[in-house]
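As stored in structure.cif (mmCIF, C-alpha atoms):
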```
data_my_file
#
loop_
_atom_site.label_atom_id
_atom_site.label_comp_id
_atom_site.auth_asym_id
_atom_site.auth_seq_id
_atom_site.Cartn_x
_atom_site.Cartn_y
_atom_site.Cartn_z
CA MET A 16 71.00 119.21 139.64
CA LYS A 17 71.25 117.11 136.54
CA ILE A 18 72.66 118.58 133.32
CA ASN A 19 72.13 116.91 129.98
CA VAL A 20 75.40 116.65 128.07
CA MET A 21 75.26 114.08 125.24
CA THR A 22 78.77 114.89 124.05
CA ASP A 23 80.83 112.36 122.15
CA ILE A 24 83.92 111.61 124.23
CA LEU A 25 86.12 111.46 121.14
CA GLU A 26 84.56 114.54 119.53
CA ALA A 27 87.61 116.77 120.02
CA ASN A 28 89.83 114.08 118.49
CA ASP A 29 87.46 113.43 115.61
CA ARG A 30 87.34 117.13 114.74
CA ILE A 31 91.12 117.26 114.36
CA ALA A 32 91.02 113.97 112.44
CA THR A 33 88.61 115.54 109.95
CA ALA A 34 90.98 118.49 109.49
CA ASN A 35 93.89 116.08 108.93
CA ALA A 36 91.81 114.18 106.35
CA GLU A 37 91.18 117.43 104.46
CA THR A 38 94.91 118.17 104.46
CA PHE A 39 95.62 114.71 103.05
CA LYS A 40 93.03 115.12 100.33
CA LYS A 41 94.29 118.55 99.33
CA ASN A 42 97.87 117.30 99.09
CA GLY A 43 97.04 114.15 97.17
CA ASN A 44 97.82 111.68 99.96
CA LEU A 45 96.15 108.35 100.52
CA ALA A 46 96.47 108.01 104.29
CA LEU A 47 96.54 104.65 106.05
CA ASN A 48 96.49 103.97 109.75
CA LEU A 49 98.55 100.80 110.25
CA ILE A 50 97.77 98.94 113.45
CA SER A 51 99.14 95.73 114.95
CA SER A 52 100.54 94.18 118.12
CA PRO A 53 104.19 94.92 118.90
CA GLY A 54 106.49 92.83 116.74
CA ALA A 55 103.95 91.84 114.07
CA GLY A 56 106.17 93.39 111.40
CA LYS A 57 104.87 96.88 110.66
CA THR A 58 108.27 98.41 110.05
CA SER A 59 109.44 95.41 107.96
CA LEU A 60 106.31 95.77 105.84
CA LEU A 61 107.06 99.43 105.23
CA GLU A 62 110.65 98.66 104.22
CA LYS A 63 109.34 96.13 101.68
CA THR A 64 106.58 98.46 100.54
CA GLY A 65 108.94 101.36 99.94
CA ASP A 66 111.14 99.13 97.77
CA ALA A 67 108.15 97.70 95.86
CA LEU A 68 106.61 101.13 95.21
CA LYS A 69 109.81 102.69 93.87
CA GLY A 70 109.13 104.49 90.62
CA LYS A 71 105.36 104.09 91.06
CA LEU A 72 104.00 105.79 94.15
CA ARG A 73 105.90 107.81 96.71
CA LEU A 74 105.68 106.47 100.25
CA GLY A 75 105.94 108.59 103.37
CA VAL A 76 105.68 107.39 106.95
CA ILE A 77 104.76 108.86 110.29
CA ALA A 78 105.90 106.30 112.86
CA GLY A 79 104.57 106.29 116.39
CA ASP A 80 106.65 104.75 119.12
CA ILE A 81 106.61 105.11 122.87
CA GLU A 82 110.36 105.77 122.95
CA THR A 83 113.31 105.63 120.52
CA MET A 84 113.79 106.66 116.91
CA ARG A 85 114.66 103.13 115.74
CA ASP A 86 111.75 102.74 113.32
CA SER A 87 112.37 105.94 111.38
CA GLU A 88 116.11 105.17 111.25
CA ARG A 89 115.34 101.77 109.72
CA LEU A 90 113.05 103.37 107.12
CA GLN A 91 115.51 106.07 106.18
CA LYS A 92 117.99 103.35 105.22
CA HIS A 93 115.46 102.38 102.55
CA LYS A 94 115.16 106.04 101.50
CA ILE A 95 111.62 106.24 102.82
CA PRO A 96 110.94 109.68 104.29
CA ALA A 97 109.87 109.03 107.86
CA VAL A 98 108.94 111.23 110.78
CA GLN A 99 109.10 109.68 114.22
CA LEU A 100 106.54 110.59 116.84
CA THR A 101 107.54 109.49 120.32
CA THR A 102 104.37 109.30 122.34
CA GLY A 103 105.92 109.12 125.81
CA SER A 104 103.50 107.09 127.87
CA ALA A 105 100.62 107.12 125.36
CA CYS A 106 99.83 103.72 123.87
CA HIS A 107 98.33 105.08 120.63
CA LEU A 108 98.53 108.00 118.23
CA ASP A 109 95.71 110.50 118.29
CA ALA A 110 94.68 113.05 115.70
CA ASN A 111 96.46 115.91 117.44
CA MET A 112 99.81 114.06 117.58
CA VAL A 113 99.54 113.30 113.89
CA ALA A 114 98.64 116.94 113.15
CA SER A 115 101.78 118.02 114.99
CA ALA A 116 103.91 115.79 112.74
CA LEU A 117 102.45 117.04 109.45
CA PRO A 118 104.65 120.14 109.10
CA HIS A 119 107.64 117.79 109.10
CA VAL A 120 106.33 115.66 106.23
CA ASP A 121 106.68 116.77 102.64
CA LEU A 122 103.05 116.00 101.83
CA LYS A 123 103.27 117.39 98.32
CA LYS A 124 105.88 114.77 97.51
CA THR A 125 103.95 111.93 99.13
CA ASP A 126 101.33 109.71 97.50
CA ILE A 127 100.82 107.06 100.17
CA LEU A 128 101.16 108.27 103.74
CA VAL A 129 101.31 105.43 106.23
CA ILE A 130 100.72 106.35 109.83
CA GLU A 131 102.38 103.53 111.70
CA ASN A 132 100.58 103.38 115.00
CA VAL A 133 102.04 102.29 118.35
CA GLY A 134 102.08 98.48 118.68
CA ASN A 135 98.75 97.83 120.35
CA LEU A 136 95.40 96.46 119.15
CA VAL A 137 93.18 98.26 121.64
CA CYS A 138 93.51 102.05 121.87
CA PRO A 139 94.65 102.76 118.28
CA ALA A 140 91.28 101.46 117.09
CA GLU A 141 89.47 104.14 119.10
CA PHE A 142 91.28 107.21 117.82
CA LYS A 143 90.84 108.33 114.24
CA VAL A 144 93.82 110.26 112.93
CA GLY A 145 92.34 111.35 109.58
CA GLU A 146 93.08 108.15 107.68
CA ASP A 147 91.25 106.91 104.61
CA PHE A 148 91.56 103.35 105.88
CA LYS A 149 92.75 101.40 108.83
CA VAL A 150 94.92 98.40 107.98
CA VAL A 151 95.36 95.80 110.70
CA MET A 152 98.25 93.38 110.69
CA LEU A 153 98.40 90.04 112.45
CA SER A 154 101.36 87.66 112.38
CA VAL A 155 101.25 83.87 112.53
CA THR A 156 103.39 83.89 115.67
CA GLU A 157 100.38 85.37 117.46
CA GLY A 158 97.10 83.63 118.28
CA ASP A 159 94.50 82.94 115.60
CA GLU A 160 91.78 84.04 118.06
CA LYS A 161 93.03 87.66 118.13
CA PRO A 162 90.13 88.99 116.00
CA LEU A 163 87.69 87.80 118.66
CA LYS A 164 89.75 89.27 121.48
CA TYR A 165 90.11 92.68 119.84
CA PRO A 166 87.00 92.94 117.65
CA LEU A 167 86.92 96.72 117.27
CA VAL A 168 90.16 97.02 115.32
CA PHE A 169 89.16 94.17 112.99
CA ARG A 170 85.71 95.69 112.58
CA GLU A 171 87.10 99.13 111.77
CA SER A 172 89.84 98.02 109.40
CA SER A 173 89.41 97.67 105.64
CA LEU A 174 92.25 95.24 105.16
CA LEU A 175 93.87 92.52 107.24
CA LEU A 176 97.46 91.55 106.46
CA ILE A 177 98.52 88.18 107.86
CA ASN A 178 102.28 88.43 108.12
CA LYS A 179 105.13 85.92 108.62
CA ILE A 180 103.24 83.43 106.47
CA ASP A 181 106.63 81.77 105.73
CA LEU A 182 106.71 80.64 109.38
CA LEU A 183 103.26 79.06 109.28
CA LYS A 184 104.58 75.49 109.29
CA TYR A 185 106.53 76.11 112.50
CA THR A 186 103.55 77.37 114.47
CA ASN A 187 100.18 76.06 115.60
CA PHE A 188 98.50 79.11 114.06
CA ASN A 189 95.38 77.98 112.19
CA LEU A 190 95.16 80.25 109.13
CA LYS A 191 91.66 79.14 108.19
CA GLU A 192 90.43 79.71 111.74
CA ALA A 193 92.09 83.15 111.91
CA LYS A 194 90.35 84.24 108.71
CA ALA A 195 87.02 82.82 109.85
CA ASN A 196 87.37 84.70 113.16
CA ALA A 197 88.22 87.94 111.36
CA ARG A 198 85.28 87.58 108.99
CA ARG A 199 83.01 86.74 111.88
CA VAL A 200 83.51 90.26 113.25
CA HIS A 201 83.84 91.86 109.80
CA PRO A 202 82.32 89.83 106.94
CA GLU A 203 83.56 92.14 104.16
CA LEU A 204 87.15 92.37 105.39
CA ASN A 205 89.84 92.01 102.69
CA ILE A 206 92.64 89.67 103.70
CA ILE A 207 96.11 89.23 102.19
CA ASP A 208 98.69 86.69 103.39
CA ILE A 209 102.18 88.17 103.28
CA SER A 210 105.77 87.52 104.20
CA CYS A 211 108.21 90.39 104.57
CA VAL A 212 111.04 87.81 104.35
CA THR A 213 110.13 85.92 101.17
CA GLY A 214 108.12 88.78 99.65
CA GLU A 215 105.00 86.62 99.26
CA GLY A 216 101.85 88.72 98.96
CA ILE A 217 103.71 92.02 98.68
CA ASP A 218 102.61 92.41 95.04
CA GLU A 219 99.00 91.94 96.04
CA TRP A 220 99.37 94.50 98.85
CA VAL A 221 100.98 97.00 96.49
CA ALA A 222 98.18 96.40 93.97
CA TRP A 223 95.65 97.11 96.72
CA LEU A 224 97.46 100.38 97.57
CA ASN A 225 97.48 101.33 93.91
CA SER A 226 93.79 100.66 93.42
CA GLN A 227 92.82 102.58 96.57
CA TYR A 228 94.99 105.50 95.50
CA GLN A 229 93.35 105.55 92.09
CA LYS A 230 89.90 105.24 93.61
CA LYS A 231 90.57 108.32 95.74
CA PHE A 232 92.27 110.50 93.17
CA GLY A 233 90.97 108.94 89.98
CA ALA A 234 94.25 109.54 88.23
CA LYS A 235 97.35 107.62 87.39
CA PRO A 236 100.04 107.94 90.02
CA ARG A 237 102.08 111.08 89.64
CA ALA A 238 105.56 110.53 88.29
CA MET B 10 93.62 107.14 130.05
CA ALA B 11 93.00 109.55 127.17
CA ILE B 12 89.35 108.60 127.28
CA ALA B 13 89.23 109.22 131.04
CA ARG B 14 90.82 112.64 130.53
CA ASN B 15 88.30 113.54 127.83
CA ILE B 16 85.41 112.57 130.11
CA VAL B 17 86.73 114.83 132.86
CA ASP B 18 87.33 117.69 130.40
CA ILE B 19 83.82 117.45 128.93
CA ALA B 20 82.14 117.20 132.36
CA VAL B 21 84.13 120.09 133.84
CA ALA B 22 83.50 122.35 130.83
CA VAL B 23 79.74 121.78 130.98
CA ALA B 24 79.56 122.14 134.77
CA GLU B 25 81.55 125.38 134.78
CA LYS B 26 79.35 126.83 132.08
CA GLU B 27 76.35 126.15 134.29
CA GLY B 28 78.09 127.75 137.26
CA ALA B 29 78.32 124.52 139.27
CA ILE B 30 80.92 124.22 142.02
CA ARG B 31 81.12 120.45 142.26
CA ILE B 32 80.37 117.44 140.06
CA THR B 33 78.95 114.50 141.99
CA ARG B 34 78.20 112.02 139.22
CA VAL B 35 79.03 111.52 135.54
CA ASN B 36 76.92 109.15 133.45
CA VAL B 37 78.72 107.67 130.46
CA VAL B 38 77.26 105.47 127.73
CA ALA B 39 79.74 103.08 126.11
CA GLY B 40 78.90 100.65 123.33
CA GLU B 41 80.01 97.07 123.82
CA LEU B 42 82.14 97.34 120.66
CA ARG B 43 84.33 99.90 122.40
CA ALA B 44 85.56 97.12 124.69
CA ILE B 45 85.88 99.47 127.63
CA VAL B 46 87.18 97.86 130.80
CA PRO B 47 85.06 99.54 133.51
CA GLU B 48 87.58 99.13 136.35
CA GLN B 49 90.32 100.74 134.29
CA LEU B 50 88.19 103.63 133.12
CA ILE B 51 86.87 104.32 136.62
CA PHE B 52 90.41 104.24 138.00
CA GLY B 53 91.66 106.57 135.26
CA PHE B 54 88.74 108.91 135.76
CA GLY B 55 89.49 109.15 139.49
CA LEU B 56 93.09 110.12 138.75
CA MET B 57 92.24 112.64 136.05
CA ALA B 58 89.51 114.23 138.16
CA GLU B 59 91.86 115.02 141.05
CA SER B 60 92.21 118.75 141.70
CA THR B 61 89.26 119.53 139.41
CA ILE B 62 85.64 120.17 140.39
CA ALA B 63 84.97 116.53 139.38
CA SER B 64 87.24 115.24 142.15
CA GLY B 65 85.45 112.44 144.01
CA ALA B 66 82.62 112.25 141.46
CA TYR B 67 81.05 108.87 140.78
CA LEU B 68 81.50 107.60 137.23
CA ALA B 69 78.53 105.48 136.15
CA LEU B 70 79.04 103.39 133.03
CA GLU B 71 76.15 102.10 130.99
CA ILE B 72 77.32 99.47 128.51
CA THR B 73 74.98 99.26 125.51
CA PRO B 74 74.70 96.11 123.38
CA VAL B 75 75.57 95.98 119.70
CA ILE B 76 72.25 96.18 117.84
CA CYS B 77 72.05 95.81 114.07
CA LYS B 78 69.30 96.10 111.49
CA CYS B 79 69.45 93.80 108.50
CA ARG B 80 69.36 95.58 105.14
CA LYS B 81 67.79 92.56 103.48
CA CYS B 82 64.97 91.51 105.82
CA GLY B 83 64.75 94.44 108.25
CA ASN B 84 65.31 92.21 111.26
CA GLU B 85 66.74 94.03 114.29
CA PHE B 86 68.99 91.87 116.39
CA THR B 87 71.63 91.98 119.08
CA ILE B 88 75.10 90.81 118.18
CA GLN B 89 76.14 88.12 120.57
CA ASP B 90 79.61 86.72 120.87
CA TYR B 91 80.76 88.99 117.99
CA ARG B 92 78.82 86.92 115.46
CA TYR B 93 78.05 89.38 112.67
CA ILE B 94 75.27 87.57 110.90
CA CYS B 95 71.53 88.27 110.73
CA THR B 96 69.72 85.95 113.12
CA ASN B 97 66.74 85.81 110.75
CA CYS B 98 68.04 85.46 107.18
CA GLY B 99 71.77 84.89 107.64
CA SER B 100 72.68 88.02 105.68
CA GLN B 101 75.89 89.86 106.50
CA ASP B 102 74.65 93.15 105.12
CA PHE B 103 73.32 95.37 107.87
CA ASP B 104 73.60 98.70 109.62
CA THR B 105 74.88 99.04 113.15
CA LEU B 106 72.27 100.93 115.17
CA SER B 107 74.08 100.99 118.49
CA GLY B 108 77.04 99.55 120.31
CA ILE B 109 79.74 101.85 118.95
CA GLU B 110 78.80 104.99 120.88
CA LEU B 111 80.99 106.54 123.54
CA ARG B 112 79.57 109.64 125.10
CA VAL B 113 78.95 111.59 128.28
CA LYS B 114 75.18 111.36 128.71
CA ASP B 115 74.65 113.71 131.63
CA ILE B 116 76.23 114.93 134.84
CA GLU B 117 74.96 115.70 138.32
CA VAL B 118 76.29 118.83 139.95
CA GLU B 119 75.95 120.98 143.04
#
```
structure tokens encoding of this file:
Amino acid sequence: MKINVMTDILEANDRIATANAETFKKNGNLALNLISSPGAGKTSLLEKTGDALKGKLRLGVIAGDIETMRDSERLQKHKIPAVQLTTGSACHLDANMVASALPHVDLKKTDILVIENVGNLVCPAEFKVGEDFKVVMLSVTEGDEKPLKYPLVFRESSLLLINKIDLLKYTNFNLKEAKANARRVHPELNIIDISCVTGEGIDEWVAWLNSQYQKKFGAKPRA
Amino acid sequence: MAIARNIVDIAVAVAEKEGAIRITRVNVVAGELRAIVPEQLIFGFGLMAESTIASGAYLALEITPVICKCRKCGNEFTIQDYRYICTNCGSQDFDTLSGIELRVKDIEVE
């Protein structure tokens, strides 16, 4: 006997993601889902961002990692409130994992909540966690063809950060080609070149955060 | 693996509701954009299905192409090689009609 089902495989996840999104809205949080390969510089970016946002917007982080608490320890040194989610064997964060971390985040005292996903360009793109935007990060020590290899994450993201731009001259990474590849899968993608070492592009990234926050809440950042 | 587990959960829930004792086949539709690797998903499904009524069931995957409709000229076209540009007018402004879906279409039970 055949039974018609027509159920979305990610429906259960998406339902929880919607509930998370409502929580973020109610608490005045702009939520970002930050995705990259391992070692692209997600945690370094957050250290820089926390410093650059001081006195403007309050940053909070939920960091996903398969093991260890290293990332949240690094962030706490920069006085960025961070909750570590160790995922065990899972290669991505899902909406339920993020929901379980929310009671440990002081959402009322957070303006920008970055959900730092597990280093991986495949599965994190599939699972919504309640974010306003996905931000994908690529570093110049990776291949410039990555957007074509992992199109979904580049298609789903609103912003691409190209990190380690200070190392460009030491690599055979073709910046123009990388951007063309990214725009081939997502023509309207915003792209910012950054360096977490020299600080290049960090102002532009912070300005982007500011404008998205204001677009969502229509108000000046809370003091 | 999480996707494989969800497929088993959905199939088992539906089958049990219908009073079935065994699932023999699960038909899944996956858009090309999902970049599903069939061998991996089938392997994961087999593992997750063990000791459930879906144990031994055949997982059939139908991969659907990415089809877009241009907002400027109305042209419907299939995205090939991830080239997001209208094949008629060159516009980059269009709606995705299919290719992003990921769902259990139907199941066969005894």
- Contact set, chain B to chain A: 10 Å, only C-alpha atoms, as a PyMOL selection string: chain B and resi 10-20+23-24+27+29+32-39+41-45+88+90-94+100-102+109-119
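The coordinates place CA of Val76 (chain A) at 8.3 Å from CA of Val120 (chain A).
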- Hits from the PyMOL selection byres ((chain A and resi 81) around 9), listed as a ChimeraX atom specification: /A:79-80,82-83,100-107,133
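Distance-wise, CA of Met112 (chain A) and CA of Val144 (chain A) end up 8.5 Å apart.
The gap separating CA of Val150 (chain A) from CA of Leu175 (chain A) is 6.0 Å, in Å to one decimal.
Candidate residues A:Ile95, A:Ala222, A:Leu122, A:Met84 were compared for distance to Lys41 (chain A), and the nearest is A:Leu122, using only C-alpha atoms.
Across A:Asn44, A:Ser172, A:Ser59, A:Gln227, the tightest approach to Arg89 (chain A) is made by A:Ser59 when counting all atoms listed in the file.
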- Message: Quick one: residues within 9 Å of Pro96 (chain A), all atoms listed in the file, excluding same-chain residues fewer than 6 positions away - as a ChimeraX atom specification?
- Response: /A:74-77,87,90,120-121,125
Axis-aligned box for region 192-204 of chain A, 6 Å per side, centre and edges in Å as AutoDock Vina command-line options:
```
--center_x 87.2 --center_y 86.0 --center_z 108.7 --size_x 21.8 --size_y 24.7 --size_z 21.1
```
